[in-house]
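Novice: Just so it is clear, I am handing over upload.cif, which has mmCIF, C-alpha atoms.
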```
data_run
loop_
_atom_site.group_PDB
_atom_site.id
_atom_site.type_symbol
_atom_site.label_atom_id
_atom_site.label_comp_id
_atom_site.auth_asym_id
_atom_site.auth_seq_id
_atom_site.Cartn_x
_atom_site.Cartn_y
_atom_site.Cartn_z
ATOM 1 C CA MET X 1 9.493 14.275 16.501
ATOM 2 C CA SER X 2 7.487 11.130 15.822
ATOM 3 C CA SER X 3 3.699 11.096 16.029
ATOM 4 C CA LEU X 4 3.991 8.904 19.146
ATOM 5 C CA ASP X 5 6.251 11.488 20.812
ATOM 6 C CA GLN X 6 3.785 14.229 19.864
ATOM 7 C CA ALA X 7 0.906 12.196 21.276
ATOM 8 C CA ARG X 8 2.794 11.638 24.555
ATOM 9 C CA ASP X 9 3.628 15.349 24.814
ATOM 10 C CA THR X 10 -0.011 16.273 24.193
ATOM 11 C CA GLN X 11 -1.146 13.777 26.828
ATOM 12 C CA LEU X 12 1.302 15.201 29.384
ATOM 13 C CA LYS X 13 0.108 18.772 28.650
ATOM 14 C CA ASN X 14 -3.473 17.605 29.126
ATOM 15 C CA ILE X 15 -2.511 16.002 32.449
ATOM 16 C CA GLU X 16 -1.016 19.317 33.576
ATOM 17 C CA ALA X 17 -4.272 21.063 32.644
ATOM 18 C CA LYS X 18 -6.434 18.442 34.410
ATOM 19 C CA THR X 19 -4.389 18.504 37.621
ATOM 20 C CA GLY X 20 -3.494 22.203 37.650
ATOM 21 C CA LYS X 21 0.125 21.205 38.345
ATOM 22 C CA GLN X 22 3.303 21.284 36.303
ATOM 23 C CA LEU X 23 5.064 17.974 35.615
ATOM 24 C CA ALA X 24 7.865 18.871 38.039
ATOM 25 C CA GLU X 25 5.261 19.389 40.791
ATOM 26 C CA LEU X 26 3.619 16.068 39.960
ATOM 27 C CA ARG X 27 7.000 14.325 40.196
ATOM 28 C CA GLU X 28 7.405 15.872 43.663
ATOM 29 C CA VAL X 29 3.953 14.581 44.691
ATOM 30 C CA ILE X 30 4.951 11.090 43.551
ATOM 31 C CA ALA X 31 8.296 11.267 45.368
ATOM 32 C CA ALA X 32 6.648 12.568 48.554
ATOM 33 C CA SER X 33 4.085 9.753 48.507
ATOM 34 C CA GLY X 34 6.774 7.214 49.402
ATOM 35 C CA LEU X 35 5.197 4.739 46.995
ATOM 36 C CA ALA X 36 7.496 2.710 44.748
ATOM 37 C CA LYS X 37 5.331 0.294 42.759
ATOM 38 C CA HIS X 38 3.863 1.481 39.483
ATOM 39 C CA GLY X 39 0.348 0.241 40.314
ATOM 40 C CA GLU X 40 0.323 1.905 43.738
ATOM 41 C CA ILE X 41 1.490 5.227 42.323
ATOM 42 C CA ARG X 42 -1.048 5.013 39.493
ATOM 43 C CA GLN X 43 -3.874 4.359 41.982
ATOM 44 C CA MET X 44 -2.775 7.288 44.154
ATOM 45 C CA LEU X 45 -2.773 9.615 41.134
ATOM 46 C CA MET X 46 -6.192 8.368 40.034
ATOM 47 C CA GLU X 47 -7.646 9.011 43.494
ATOM 48 C CA ARG X 48 -5.875 12.285 44.247
ATOM 49 C CA PHE X 49 -6.256 13.966 40.854
ATOM 50 C CA ALA X 50 -9.251 12.078 39.355
ATOM 51 C CA LEU X 51 -7.077 10.949 36.448
ATOM 52 C CA GLY X 52 -8.108 8.069 34.238
ATOM 53 C CA TYR X 53 -6.104 4.853 34.183
ATOM 54 C CA GLY X 54 -4.198 5.703 31.001
ATOM 55 C CA ASP X 55 -3.284 9.240 32.072
ATOM 56 C CA ALA X 56 -2.173 8.100 35.512
ATOM 57 C CA SER X 57 -0.113 5.263 34.057
ATOM 58 C CA SER X 58 1.555 7.570 31.527
ATOM 59 C CA LEU X 59 2.347 10.035 34.282
ATOM 60 C CA VAL X 60 3.975 7.286 36.362
ATOM 61 C CA HIS X 61 6.103 6.261 33.369
ATOM 62 C CA PHE X 62 7.086 9.862 32.749
ATOM 63 C CA ALA X 63 7.917 10.507 36.392
ATOM 64 C CA LEU X 64 9.953 7.327 36.886
ATOM 65 C CA GLN X 65 11.710 7.328 33.502
ATOM 66 C CA SER X 66 12.422 10.858 32.457
ATOM 67 C CA ASP X 67 12.593 9.979 28.769
ATOM 68 C CA GLY X 68 9.182 8.280 28.756
ATOM 69 C CA GLN X 69 10.532 4.836 27.904
ATOM 70 C CA SER X 70 9.211 1.659 29.399
ATOM 71 C CA ALA X 71 11.384 -0.031 32.005
ATOM 72 C CA ALA X 72 12.358 -2.637 29.405
ATOM 73 C CA GLN X 73 13.388 0.019 26.899
ATOM 74 C CA ALA X 74 15.299 1.943 29.565
ATOM 75 C CA ALA X 75 17.199 -1.246 30.419
ATOM 76 C CA GLY X 76 18.150 -1.592 26.756
ATOM 77 C CA LEU X 77 16.254 -4.848 26.244
ATOM 78 C CA SER X 78 15.031 -5.791 22.789
ATOM 79 C CA THR X 79 11.469 -6.974 22.245
ATOM 80 C CA ASP X 80 12.779 -10.527 21.783
ATOM 81 C CA GLU X 81 14.659 -10.340 25.096
ATOM 82 C CA VAL X 82 11.511 -9.118 26.851
ATOM 83 C CA LEU X 83 9.480 -11.922 25.249
ATOM 84 C CA ASP X 84 12.101 -14.450 26.368
ATOM 85 C CA GLY X 85 11.477 -13.235 29.924
ATOM 86 C CA ILE X 86 7.696 -13.259 29.608
ATOM 87 C CA TYR X 87 7.400 -16.687 28.007
ATOM 88 C CA THR X 88 9.354 -18.815 30.466
ATOM 89 C CA GLY X 89 8.433 -21.844 32.521
ATOM 90 C CA ALA X 90 4.791 -22.854 32.158
ATOM 91 C CA LYS X 91 4.216 -19.885 29.823
ATOM 92 C CA ALA X 92 6.901 -20.982 27.315
ATOM 93 C CA ALA X 93 4.383 -23.060 25.374
ATOM 94 C CA LEU X 94 2.447 -19.866 24.551
ATOM 95 C CA ARG X 95 5.351 -18.263 22.647
ATOM 96 C CA PRO X 96 4.528 -19.906 19.274
ATOM 97 C CA LEU X 97 0.911 -18.763 19.631
ATOM 98 C CA HIS X 98 2.150 -15.252 20.442
ATOM 99 C CA GLU X 99 4.335 -15.299 17.309
ATOM 100 C CA SER X 100 1.408 -16.515 15.185
ATOM 101 C CA ALA X 101 -0.843 -13.720 16.469
ATOM 102 C CA MET X 102 1.869 -11.083 15.974
ATOM 103 C CA SER X 103 2.510 -12.273 12.426
ATOM 104 C CA ALA X 104 -1.149 -11.711 11.571
ATOM 105 C CA ILE X 105 -1.328 -8.386 13.447
ATOM 106 C CA GLY X 106 1.764 -7.164 11.576
ATOM 107 C CA LYS X 107 -0.245 -7.279 8.339
ATOM 108 C CA LEU X 108 -2.503 -4.470 9.605
ATOM 109 C CA GLY X 109 0.176 -1.838 8.953
ATOM 110 C CA GLU X 110 2.733 0.151 10.924
ATOM 111 C CA PHE X 111 2.618 0.322 14.702
ATOM 112 C CA GLU X 112 4.970 0.511 17.657
ATOM 113 C CA ILE X 113 5.647 -2.409 19.970
ATOM 114 C CA ALA X 114 6.171 -1.221 23.543
ATOM 115 C CA PRO X 115 7.425 -4.105 25.684
ATOM 116 C CA LYS X 116 6.162 -4.152 29.254
ATOM 117 C CA LYS X 117 6.955 -6.451 32.153
ATOM 118 C CA ALA X 118 4.309 -9.099 31.458
ATOM 119 C CA TYR X 119 2.986 -8.284 27.957
ATOM 120 C CA ILE X 120 3.603 -6.105 24.929
ATOM 121 C CA SER X 121 1.598 -3.015 24.094
ATOM 122 C CA LEU X 122 0.775 -2.301 20.452
ATOM 123 C CA ARG X 123 0.433 1.395 19.687
ATOM 124 C CA ARG X 124 -0.301 3.809 16.909
ATOM 125 C CA LYS X 125 -1.182 7.257 18.245
ATOM 126 C CA ARG X 126 -2.465 5.331 21.269
ATOM 127 C CA GLN X 127 -2.604 1.736 22.367
ATOM 128 C CA PHE X 128 -4.876 -0.459 20.285
ATOM 129 C CA ALA X 129 -3.983 -3.892 21.707
ATOM 130 C CA MET X 130 -2.020 -5.779 24.331
ATOM 131 C CA VAL X 131 -0.661 -9.294 23.821
ATOM 132 C CA GLY X 132 0.646 -11.581 26.542
ATOM 133 C CA PRO X 133 0.087 -14.705 28.581
ATOM 134 C CA GLY X 134 -3.368 -14.987 30.105
ATOM 135 C CA THR X 135 -4.831 -17.355 32.637
ATOM 136 C CA LYS X 136 -5.303 -21.107 32.285
ATOM 137 C CA GLY X 137 -2.578 -21.570 29.681
ATOM 138 C CA ARG X 138 -4.145 -19.149 27.188
ATOM 139 C CA LEU X 139 -2.805 -16.162 25.259
ATOM 140 C CA GLU X 140 -4.675 -12.959 26.040
ATOM 141 C CA ILE X 141 -5.249 -10.187 23.528
ATOM 142 C CA GLY X 142 -6.655 -6.974 24.982
ATOM 143 C CA LEU X 143 -8.412 -4.651 22.533
ATOM 144 C CA ASN X 144 -9.215 -0.945 22.665
ATOM 145 C CA MET X 145 -12.263 -0.150 20.578
ATOM 146 C CA LYS X 146 -15.681 1.293 21.212
ATOM 147 C CA GLY X 147 -19.175 0.426 20.165
ATOM 148 C CA VAL X 148 -18.599 -3.268 19.542
ATOM 149 C CA GLU X 149 -21.059 -5.734 20.996
ATOM 150 C CA PRO X 150 -19.388 -8.369 23.189
ATOM 151 C CA THR X 151 -19.811 -12.011 22.254
ATOM 152 C CA ALA X 152 -19.085 -15.301 23.948
ATOM 153 C CA ARG X 153 -15.551 -14.945 22.574
ATOM 154 C CA LEU X 154 -15.089 -11.155 22.846
ATOM 155 C CA GLU X 155 -15.319 -10.318 26.541
ATOM 156 C CA ALA X 156 -16.170 -6.750 27.537
ATOM 157 C CA LEU X 157 -14.041 -5.481 30.419
ATOM 158 C CA PRO X 158 -15.036 -3.033 33.166
ATOM 159 C CA PRO X 159 -14.476 0.666 32.401
ATOM 160 C CA GLY X 160 -11.234 2.277 33.534
ATOM 161 C CA GLY X 161 -8.886 -0.551 32.604
ATOM 162 C CA MET X 162 -6.147 -0.755 30.011
ATOM 163 C CA CYS X 163 -8.484 -2.274 27.404
ATOM 164 C CA GLN X 164 -12.224 -2.368 26.738
ATOM 165 C CA TYR X 165 -12.278 -6.000 25.528
ATOM 166 C CA ARG X 166 -10.232 -9.176 25.605
ATOM 167 C CA VAL X 167 -10.029 -12.431 23.726
ATOM 168 C CA PHE X 168 -8.285 -15.604 24.904
ATOM 169 C CA LEU X 169 -6.543 -17.908 22.410
ATOM 170 C CA THR X 170 -5.492 -21.519 22.861
ATOM 171 C CA SER X 171 -4.410 -22.332 19.286
ATOM 172 C CA SER X 172 -3.212 -20.545 16.165
ATOM 173 C CA ASP X 173 -6.463 -21.608 14.453
ATOM 174 C CA GLU X 174 -8.144 -18.937 16.585
ATOM 175 C CA VAL X 175 -6.141 -16.212 14.821
ATOM 176 C CA ASP X 176 -9.009 -16.061 12.358
ATOM 177 C CA ALA X 177 -11.060 -13.548 10.360
ATOM 178 C CA GLU X 178 -13.246 -12.702 13.356
ATOM 179 C CA LEU X 179 -10.267 -11.856 15.581
ATOM 180 C CA MET X 180 -8.560 -9.944 12.766
ATOM 181 C CA GLY X 181 -11.753 -7.926 12.237
ATOM 182 C CA TRP X 182 -11.707 -6.808 15.865
ATOM 183 C CA LEU X 183 -7.982 -6.067 15.684
ATOM 184 C CA LYS X 184 -8.477 -4.035 12.502
ATOM 185 C CA THR X 185 -11.210 -1.988 14.183
ATOM 186 C CA ALA X 186 -8.973 -1.324 17.191
ATOM 187 C CA TYR X 187 -6.011 -0.521 14.920
ATOM 188 C CA GLU X 188 -7.994 1.962 12.827
ATOM 189 C CA ASN X 189 -9.484 3.664 15.903
ATOM 190 C CA ALA X 190 -5.994 4.203 17.370
ATOM 191 C CA GLY X 191 -4.513 5.916 14.419
#
```
What's the structure tokens form of this structure?
Specialist:
Amino acid sequence: MSSLDQARDTQLKNIEAKTGKQLAELREVIAASGLAKHGEIRQMLMERFALGYGDASSLVHFALQSDGQSAAQAAGLSTDEVLDGIYTGAKAALRPLHESAMSAIGKLGEFEIAPKKAYISLRRKRQFAMVGPGTKGRLEIGLNMKGVEPTARLEALPPGGMCQYRVFLTSSDEVDAELMGWLKTAYENAG
């Protein structure tokens, strides 16, 4: 069993302990709710069981895909196929910037790429970054790290979200030492 599988199993056991319910019971709660969208189910679980965003999201993935894969993985799509879907239309121009950022991030060491519907999640034992199209024609990199002071470039995000910080990029020149320092911190904290 990989370390990521072990981490997921540990998280699911912790969710059972927090909620006082077995996974089968939690699946029944989700089915009985009549909700179908991931975000709606996640919100219901957060409100009903006081779960954090990450735990609730993982529980939704587990409940909807019994093997714990993302929807893209369950559909048999490669990362490139997912990226082809993400970077279409007006977002197509961001694909080279995405590739530039990923090339630099790949130098940090080993990690898993978990393709999602609108971005990719980068994980070690837990998620350390998210990369995908942002607003206003920019690439967004979400970062999970603690104790780092925000700057004009490094925006702190409200608690409870998927990431604690984000950075927007408009050119490959912005994949610089400062960004790589933040990514390295996030990478090391996730591992």
Novice: X:Ile141, X:Ala56, X:Met180, X:Leu12: which is nearest His98 (chain X), counting only C-alpha atoms?
Specialist: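 Using only C-alpha atoms, His98 (chain X) sits closest to X:Ile141.
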Novice: If you measure from CA of Thr88 (chain X) to CA of Gly109 (chain X), what distance in Å do you get, rounded to one decimal?
Specialist: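 If I compute the distance from CA of Thr88 (chain X) to CA of Gly109 (chain X), I get 28.9 Å.
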Novice: Please compute the CA of Asn144 (chain X)-CA of Arg27 (chain X) distance, one decimal, in Å.
Specialist: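 Taking CA of Asn144 (chain X) as the start and CA of Arg27 (chain X) as the end point, the length is 28.3 Å.
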Novice: Counting all atoms listed in the file, what is within 10 Å of Gln43 (chain X), bar same-chain residues fewer than 4 positions away, as a ChimeraX atom specification?
Specialist: /X:38-39,47-53,56-57
Novice: One decimal, Å: what's the distance from CA of Val175 (chain X) over to CA of Asn189 (chain X), could you say?
Specialist: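 Interatomic distance here is 20.2 Å.
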Novice: Going by the chain IDs and residue numbers used in this file, which residues fall under the PyMOL selection byres ((chain X and resi 165) around 10)? Write them as a ChimeraX atom specification.
Specialist: /X:129,141-146,148-150,153-159,161-164,166-167,182
Novice: Let's have the selection written as a short mmCIF file (atom, residue, chain, number, x, y, z; two decimals), keeping the file's coordinate frame, with C-alpha atoms.
Specialist:
```cif
data_model
loop_
_atom_site.label_atom_id
_atom_site.label_comp_id
_atom_site.auth_asym_id
_atom_site.auth_seq_id
_atom_site.Cartn_x
_atom_site.Cartn_y
_atom_site.Cartn_z
CA ALA X 129 -3.98 -3.89 21.71
CA ILE X 141 -5.25 -10.19 23.53
CA GLY X 142 -6.66 -6.97 24.98
CA LEU X 143 -8.41 -4.65 22.53
CA ASN X 144 -9.22 -0.94 22.66
CA MET X 145 -12.26 -0.15 20.58
CA LYS X 146 -15.68 1.29 21.21
CA VAL X 148 -18.60 -3.27 19.54
CA GLU X 149 -21.06 -5.73 21.00
CA PRO X 150 -19.39 -8.37 23.19
CA ARG X 153 -15.55 -14.94 22.57
CA LEU X 154 -15.09 -11.16 22.85
CA GLU X 155 -15.32 -10.32 26.54
CA ALA X 156 -16.17 -6.75 27.54
CA LEU X 157 -14.04 -5.48 30.42
CA PRO X 158 -15.04 -3.03 33.17
CA PRO X 159 -14.48 0.67 32.40
CA GLY X 161 -8.89 -0.55 32.60
CA MET X 162 -6.15 -0.76 30.01
CA CYS X 163 -8.48 -2.27 27.40
CA GLN X 164 -12.22 -2.37 26.74
CA ARG X 166 -10.23 -9.18 25.60
CA VAL X 167 -10.03 -12.43 23.73
CA TRP X 182 -11.71 -6.81 15.86
#
```
Novice: Excluding Phe128 (chain X) and any residue of its chain fewer than 4 positions from it, enumerate the residues within 7 Å of it, using all atoms listed in the file, and give them as number ranges by chain.
Specialist: X: 122-123, 143-144, 186-187, 190
Novice: Print the selection's residues with C-alpha atoms to a file, as a PDB file, in the coordinates of the input.
Specialist:
```pdb
ATOM      1  CA  LEU X 122       0.775  -2.301  20.452  1.00  0.00           C
ATOM      2  CA  ARG X 123       0.433   1.395  19.687  1.00  0.00           C
ATOM      3  CA  LEU X 143      -8.412  -4.651  22.533  1.00  0.00           C
ATOM      4  CA  ASN X 144      -9.215  -0.945  22.665  1.00  0.00           C
ATOM      5  CA  ALA X 186      -8.973  -1.324  17.191  1.00  0.00           C
ATOM      6  CA  TYR X 187      -6.011  -0.521  14.920  1.00  0.00           C
ATOM      7  CA  ALA X 190      -5.994   4.203  17.370  1.00  0.00           C
TER       8      ALA X 190
END
```
